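Visitor: One structure is given below, represented as structure tokens, and several questions about it will come after.
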Amino acid sequence: MEDDRKLLVVDDDQMMLDFATRVLASLGYASVTAPDAATALRVLEEDRDIRAVIIDLRLGRPPNGAFLVRQALAMRPDIRGLLTSGDHGALQSAAGEMRQDVELLTKPYRRHELADCLSRLL
């Protein structure tokens with residue numbers, strides 16, 4: 001697997017993490033998962049091969065996904081960000097706080113929707 005095909009998926013829902021990793025694998029991406037912001041930031045510090053983060057907007061405990069995306073991009077300007085949520089309104093509201101190059105994807109998403117977002121990101 002090429003180094004530029006490794007992604008970090010952050011979600012507090014194990015079923016979503018499992019789904020995302022299966023879809024990413026079917027698209028040719030390697031993935032690492034994290035259930036919360038603290039773990040995600042630790043992974044980003046340790047694994048320099050990660051090229052993008054896919055983060056749920058509503059993580060179970062603070063900080064939320066919007067804050068985490070900004071923190072991850074500040075820490076690693078070389079990576080790209082994708083913010084997901086089942087709450088379309090909250091996702092659109094968070095969009096105003098995001099950099100232009102952060103993609104947004106409403107859950108539940110389909111394989112081709114994730115593939116389209118990733119093709120724009122990477």
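Residues are referred to by chain and number: the chain letter is A, B, ... according to the order shown in the structure tokens, the number counts from 1 in that chain, and ligands are numbered separately from 1 in the order shown.
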Using DSSP on the backbone coordinates, identify all residues within chain A classified as strand (DSSP E or B); present the result as a ChimeraX atom specification.

Guide: /A:6-10,30-34,50-56,80-85,103-106

Visitor: What does the file look like for those residues with N, CA, C and O atoms, as a compact mmCIF listing (two decimals), in the first residue's frame?

Guide:
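So the final result, stored in again-v5.txt, reads:
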```txt
# COMPACT_ATOMS: atom_id res chain seq x y z
N LYS A 6 -3.16 6.32 3.27
CA LYS A 6 -3.47 5.98 4.65
C LYS A 6 -4.27 7.11 5.30
O LYS A 6 -3.87 8.27 5.26
N LEU A 7 -5.40 6.73 5.92
CA LEU A 7 -6.32 7.70 6.50
C LEU A 7 -6.58 7.38 7.97
O LEU A 7 -6.50 6.23 8.38
N LEU A 8 -6.94 8.41 8.71
CA LEU A 8 -7.36 8.25 10.11
C LEU A 8 -8.86 8.52 10.18
O LEU A 8 -9.32 9.56 9.71
N VAL A 9 -9.60 7.57 10.76
CA VAL A 9 -11.04 7.70 10.92
C VAL A 9 -11.32 7.88 12.41
O VAL A 9 -10.90 7.05 13.23
N VAL A 10 -12.04 8.95 12.77
CA VAL A 10 -12.35 9.24 14.17
C VAL A 10 -13.86 9.28 14.34
O VAL A 10 -14.54 10.10 13.74
N ALA A 30 -5.64 2.33 3.27
CA ALA A 30 -5.38 1.79 4.60
C ALA A 30 -5.97 2.77 5.60
O ALA A 30 -6.07 3.96 5.31
N SER A 31 -6.38 2.27 6.75
CA SER A 31 -6.94 3.20 7.73
C SER A 31 -6.53 2.82 9.14
O SER A 31 -6.24 1.67 9.43
N VAL A 32 -6.49 3.84 9.97
CA VAL A 32 -6.26 3.72 11.39
C VAL A 32 -7.48 4.36 12.02
O VAL A 32 -8.02 5.33 11.49
N THR A 33 -7.94 3.83 13.16
CA THR A 33 -9.13 4.40 13.79
C THR A 33 -8.83 4.95 15.17
O THR A 33 -7.86 4.54 15.82
N ALA A 34 -9.69 5.87 15.59
CA ALA A 34 -9.60 6.45 16.93
C ALA A 34 -11.03 6.74 17.40
O ALA A 34 -11.84 7.26 16.64
N ILE A 50 -0.13 9.24 7.65
CA ILE A 50 -1.54 9.58 7.49
C ILE A 50 -1.66 10.82 6.60
O ILE A 50 -1.01 11.83 6.85
N ARG A 51 -2.51 10.72 5.58
CA ARG A 51 -2.66 11.80 4.61
C ARG A 51 -3.98 12.54 4.74
O ARG A 51 -4.14 13.62 4.18
N ALA A 52 -4.96 11.95 5.45
CA ALA A 52 -6.25 12.62 5.61
C ALA A 52 -6.93 12.09 6.87
O ALA A 52 -6.63 10.98 7.33
N VAL A 53 -7.83 12.92 7.41
CA VAL A 53 -8.64 12.51 8.57
C VAL A 53 -10.11 12.58 8.18
O VAL A 53 -10.54 13.49 7.47
N ILE A 54 -10.85 11.59 8.64
CA ILE A 54 -12.29 11.55 8.48
C ILE A 54 -12.85 11.58 9.89
O ILE A 54 -12.64 10.64 10.67
N ILE A 55 -13.51 12.67 10.25
CA ILE A 55 -13.89 12.90 11.65
C ILE A 55 -15.38 13.15 11.77
O ILE A 55 -15.95 13.97 11.04
N ASP A 56 -16.00 12.45 12.72
CA ASP A 56 -17.41 12.66 13.02
C ASP A 56 -17.56 13.98 13.77
O ASP A 56 -16.79 14.28 14.68
N ARG A 80 -5.31 16.37 4.89
CA ARG A 80 -6.61 16.90 4.46
C ARG A 80 -7.68 16.43 5.43
O ARG A 80 -7.51 15.43 6.12
N GLY A 81 -8.82 17.15 5.45
CA GLY A 81 -9.87 16.83 6.40
C GLY A 81 -11.23 16.61 5.76
O GLY A 81 -11.59 17.28 4.80
N LEU A 82 -11.96 15.65 6.33
CA LEU A 82 -13.33 15.35 5.94
C LEU A 82 -14.15 15.26 7.22
O LEU A 82 -13.82 14.48 8.12
N LEU A 83 -15.18 16.06 7.32
CA LEU A 83 -16.05 16.10 8.49
C LEU A 83 -17.37 15.44 8.13
O LEU A 83 -17.96 15.76 7.10
N THR A 84 -17.84 14.50 8.97
CA THR A 84 -19.08 13.78 8.72
C THR A 84 -20.06 13.96 9.87
O THR A 84 -19.65 14.22 11.00
N SER A 85 -21.35 13.83 9.55
CA SER A 85 -22.37 13.88 10.60
C SER A 85 -23.71 13.40 10.04
O SER A 85 -23.99 13.60 8.86
N GLU A 103 -13.70 18.91 3.37
CA GLU A 103 -14.90 18.35 2.76
C GLU A 103 -15.93 18.02 3.84
O GLU A 103 -15.56 17.73 4.99
N LEU A 104 -17.21 18.04 3.47
CA LEU A 104 -18.30 17.69 4.37
C LEU A 104 -19.09 16.54 3.75
O LEU A 104 -19.32 16.53 2.54
N LEU A 105 -19.50 15.59 4.61
CA LEU A 105 -20.23 14.42 4.11
C LEU A 105 -21.29 14.03 5.13
O LEU A 105 -20.98 13.77 6.30
N THR A 106 -22.55 14.01 4.69
CA THR A 106 -23.66 13.66 5.57
C THR A 106 -23.76 12.14 5.70
O THR A 106 -23.68 11.42 4.70
```

Visitor: Excluding Gln14 (chain A) and its own-chain neighbours fewer than 4 positions away, which residues fall within 9 Å of it when counting only C-alpha atoms? Please give them as a ChimeraX atom specification.

Guide: /A:18-19,35

Visitor: To one decimal place, how far is CA of Asp12 (chain A) from CA of Ile79 (chain A) in Å?

Guide: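 CA of Ile79 (chain A) lies at a distance of 21.3 Å from CA of Asp12 (chain A).
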
Visitor: Determine which residues of chain A receive a DSSP assignment of alpha helix (DSSP H), computed from the backbone, and state them as a ChimeraX atom specification.

Guide: /A:14-26,37-46,65-75,88-95,111-121

Visitor: Between A:Tyr29, A:Asp101, A:Val43, A:Arg48, which one has atoms that come closest to Arg70 (chain A), using only C-alpha atoms?

Guide: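 For Arg70 (chain A), the nearest of the given residues is A:Asp101.
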
Visitor: Could you work out how far CA of His88 (chain A) lies from CA of Gly65 (chain A), giving the answer in Å with one decimal?

Guide: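 Computed distance, CA of Gly65 (chain A) to CA of His88 (chain A), equals 14.0 Å.
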
Visitor: Please provide the set of residues having any atom within 9 Å of Ala37 (chain A), restricted to only C-alpha atoms, with same-chain residues fewer than 6 positions apart removed, written as an mmCIF file with all heavy atoms, in the first residue's frame.

Guide:
```
data_model
loop_
_atom_site.group_PDB
_atom_site.id
_atom_site.type_symbol
_atom_site.label_atom_id
_atom_site.label_comp_id
_atom_site.auth_asym_id
_atom_site.auth_seq_id
_atom_site.Cartn_x
_atom_site.Cartn_y
_atom_site.Cartn_z
ATOM 1 N N VAL A 10 -12.043 8.947 12.771
ATOM 2 C CA VAL A 10 -12.347 9.244 14.169
ATOM 3 C C VAL A 10 -13.858 9.279 14.341
ATOM 4 O O VAL A 10 -14.544 10.104 13.736
ATOM 5 C CB VAL A 10 -11.745 10.603 14.603
ATOM 6 C CG1 VAL A 10 -11.957 10.814 16.097
ATOM 7 C CG2 VAL A 10 -10.273 10.696 14.230
ATOM 8 N N ASP A 11 -14.359 8.357 15.160
ATOM 9 C CA ASP A 11 -15.793 8.280 15.432
ATOM 10 C C ASP A 11 -15.965 7.542 16.741
ATOM 11 O O ASP A 11 -15.240 6.585 17.014
ATOM 12 C CB ASP A 11 -16.511 7.540 14.296
ATOM 13 C CG ASP A 11 -17.996 7.841 14.233
ATOM 14 O OD1 ASP A 11 -18.674 7.709 15.271
ATOM 15 O OD2 ASP A 11 -18.475 8.207 13.150
ATOM 16 N N LEU A 59 -18.578 13.858 18.386
ATOM 17 C CA LEU A 59 -17.884 12.839 19.172
ATOM 18 C C LEU A 59 -18.531 12.796 20.553
ATOM 19 O O LEU A 59 -19.066 13.797 21.020
ATOM 20 C CB LEU A 59 -16.394 13.162 19.269
ATOM 21 C CG LEU A 59 -15.648 13.153 17.932
ATOM 22 C CD1 LEU A 59 -14.229 13.653 18.117
ATOM 23 C CD2 LEU A 59 -15.664 11.775 17.316
ATOM 24 N N ARG A 61 -17.510 12.823 23.581
ATOM 25 C CA ARG A 61 -17.050 13.771 24.603
ATOM 26 C C ARG A 61 -16.219 14.852 23.945
ATOM 27 O O ARG A 61 -15.679 14.652 22.868
ATOM 28 C CB ARG A 61 -16.278 13.052 25.703
ATOM 29 C CG ARG A 61 -15.104 12.236 25.246
ATOM 30 C CD ARG A 61 -14.529 11.479 26.429
ATOM 31 N NE ARG A 61 -14.309 10.108 26.043
ATOM 32 C CZ ARG A 61 -13.207 9.457 26.270
ATOM 33 N NH1 ARG A 61 -12.230 10.023 26.932
ATOM 34 N NH2 ARG A 61 -13.074 8.218 25.896
ATOM 35 N N PRO A 62 -16.134 16.010 24.585
ATOM 36 C CA PRO A 62 -15.391 17.129 23.991
ATOM 37 C C PRO A 62 -13.925 16.773 23.752
ATOM 38 O O PRO A 62 -13.389 15.943 24.474
ATOM 39 C CB PRO A 62 -15.523 18.227 25.036
ATOM 40 C CG PRO A 62 -16.706 17.853 25.856
ATOM 41 C CD PRO A 62 -16.753 16.361 25.836
ATOM 42 N N PRO A 63 -13.317 17.407 22.771
ATOM 43 C CA PRO A 63 -13.863 18.421 21.882
ATOM 44 C C PRO A 63 -14.678 17.790 20.759
ATOM 45 O O PRO A 63 -14.544 16.598 20.480
ATOM 46 C CB PRO A 63 -12.625 19.117 21.331
ATOM 47 C CG PRO A 63 -11.581 18.060 21.315
ATOM 48 C CD PRO A 63 -11.882 17.184 22.512
ATOM 49 N N ASN A 64 -15.489 18.596 20.087
ATOM 50 C CA ASN A 64 -16.282 18.063 18.980
ATOM 51 C C ASN A 64 -15.404 17.913 17.732
ATOM 52 O O ASN A 64 -14.255 18.331 17.702
ATOM 53 C CB ASN A 64 -17.519 18.935 18.718
ATOM 54 C CG ASN A 64 -17.178 20.291 18.129
ATOM 55 O OD1 ASN A 64 -16.109 20.530 17.588
ATOM 56 N ND2 ASN A 64 -18.120 21.207 18.227
ATOM 57 N N GLY A 65 -15.986 17.322 16.707
ATOM 58 C CA GLY A 65 -15.233 17.039 15.492
ATOM 59 C C GLY A 65 -14.745 18.262 14.761
ATOM 60 O O GLY A 65 -13.668 18.246 14.155
ATOM 61 N N LEU A 68 -11.685 19.343 16.447
ATOM 62 C CA LEU A 68 -10.631 18.362 16.183
ATOM 63 C C LEU A 68 -10.075 18.511 14.772
ATOM 64 O O LEU A 68 -8.861 18.427 14.578
ATOM 65 C CB LEU A 68 -11.139 16.938 16.422
ATOM 66 C CG LEU A 68 -10.137 15.815 16.146
ATOM 67 C CD1 LEU A 68 -8.863 15.989 16.968
ATOM 68 C CD2 LEU A 68 -10.782 14.462 16.421
#
```
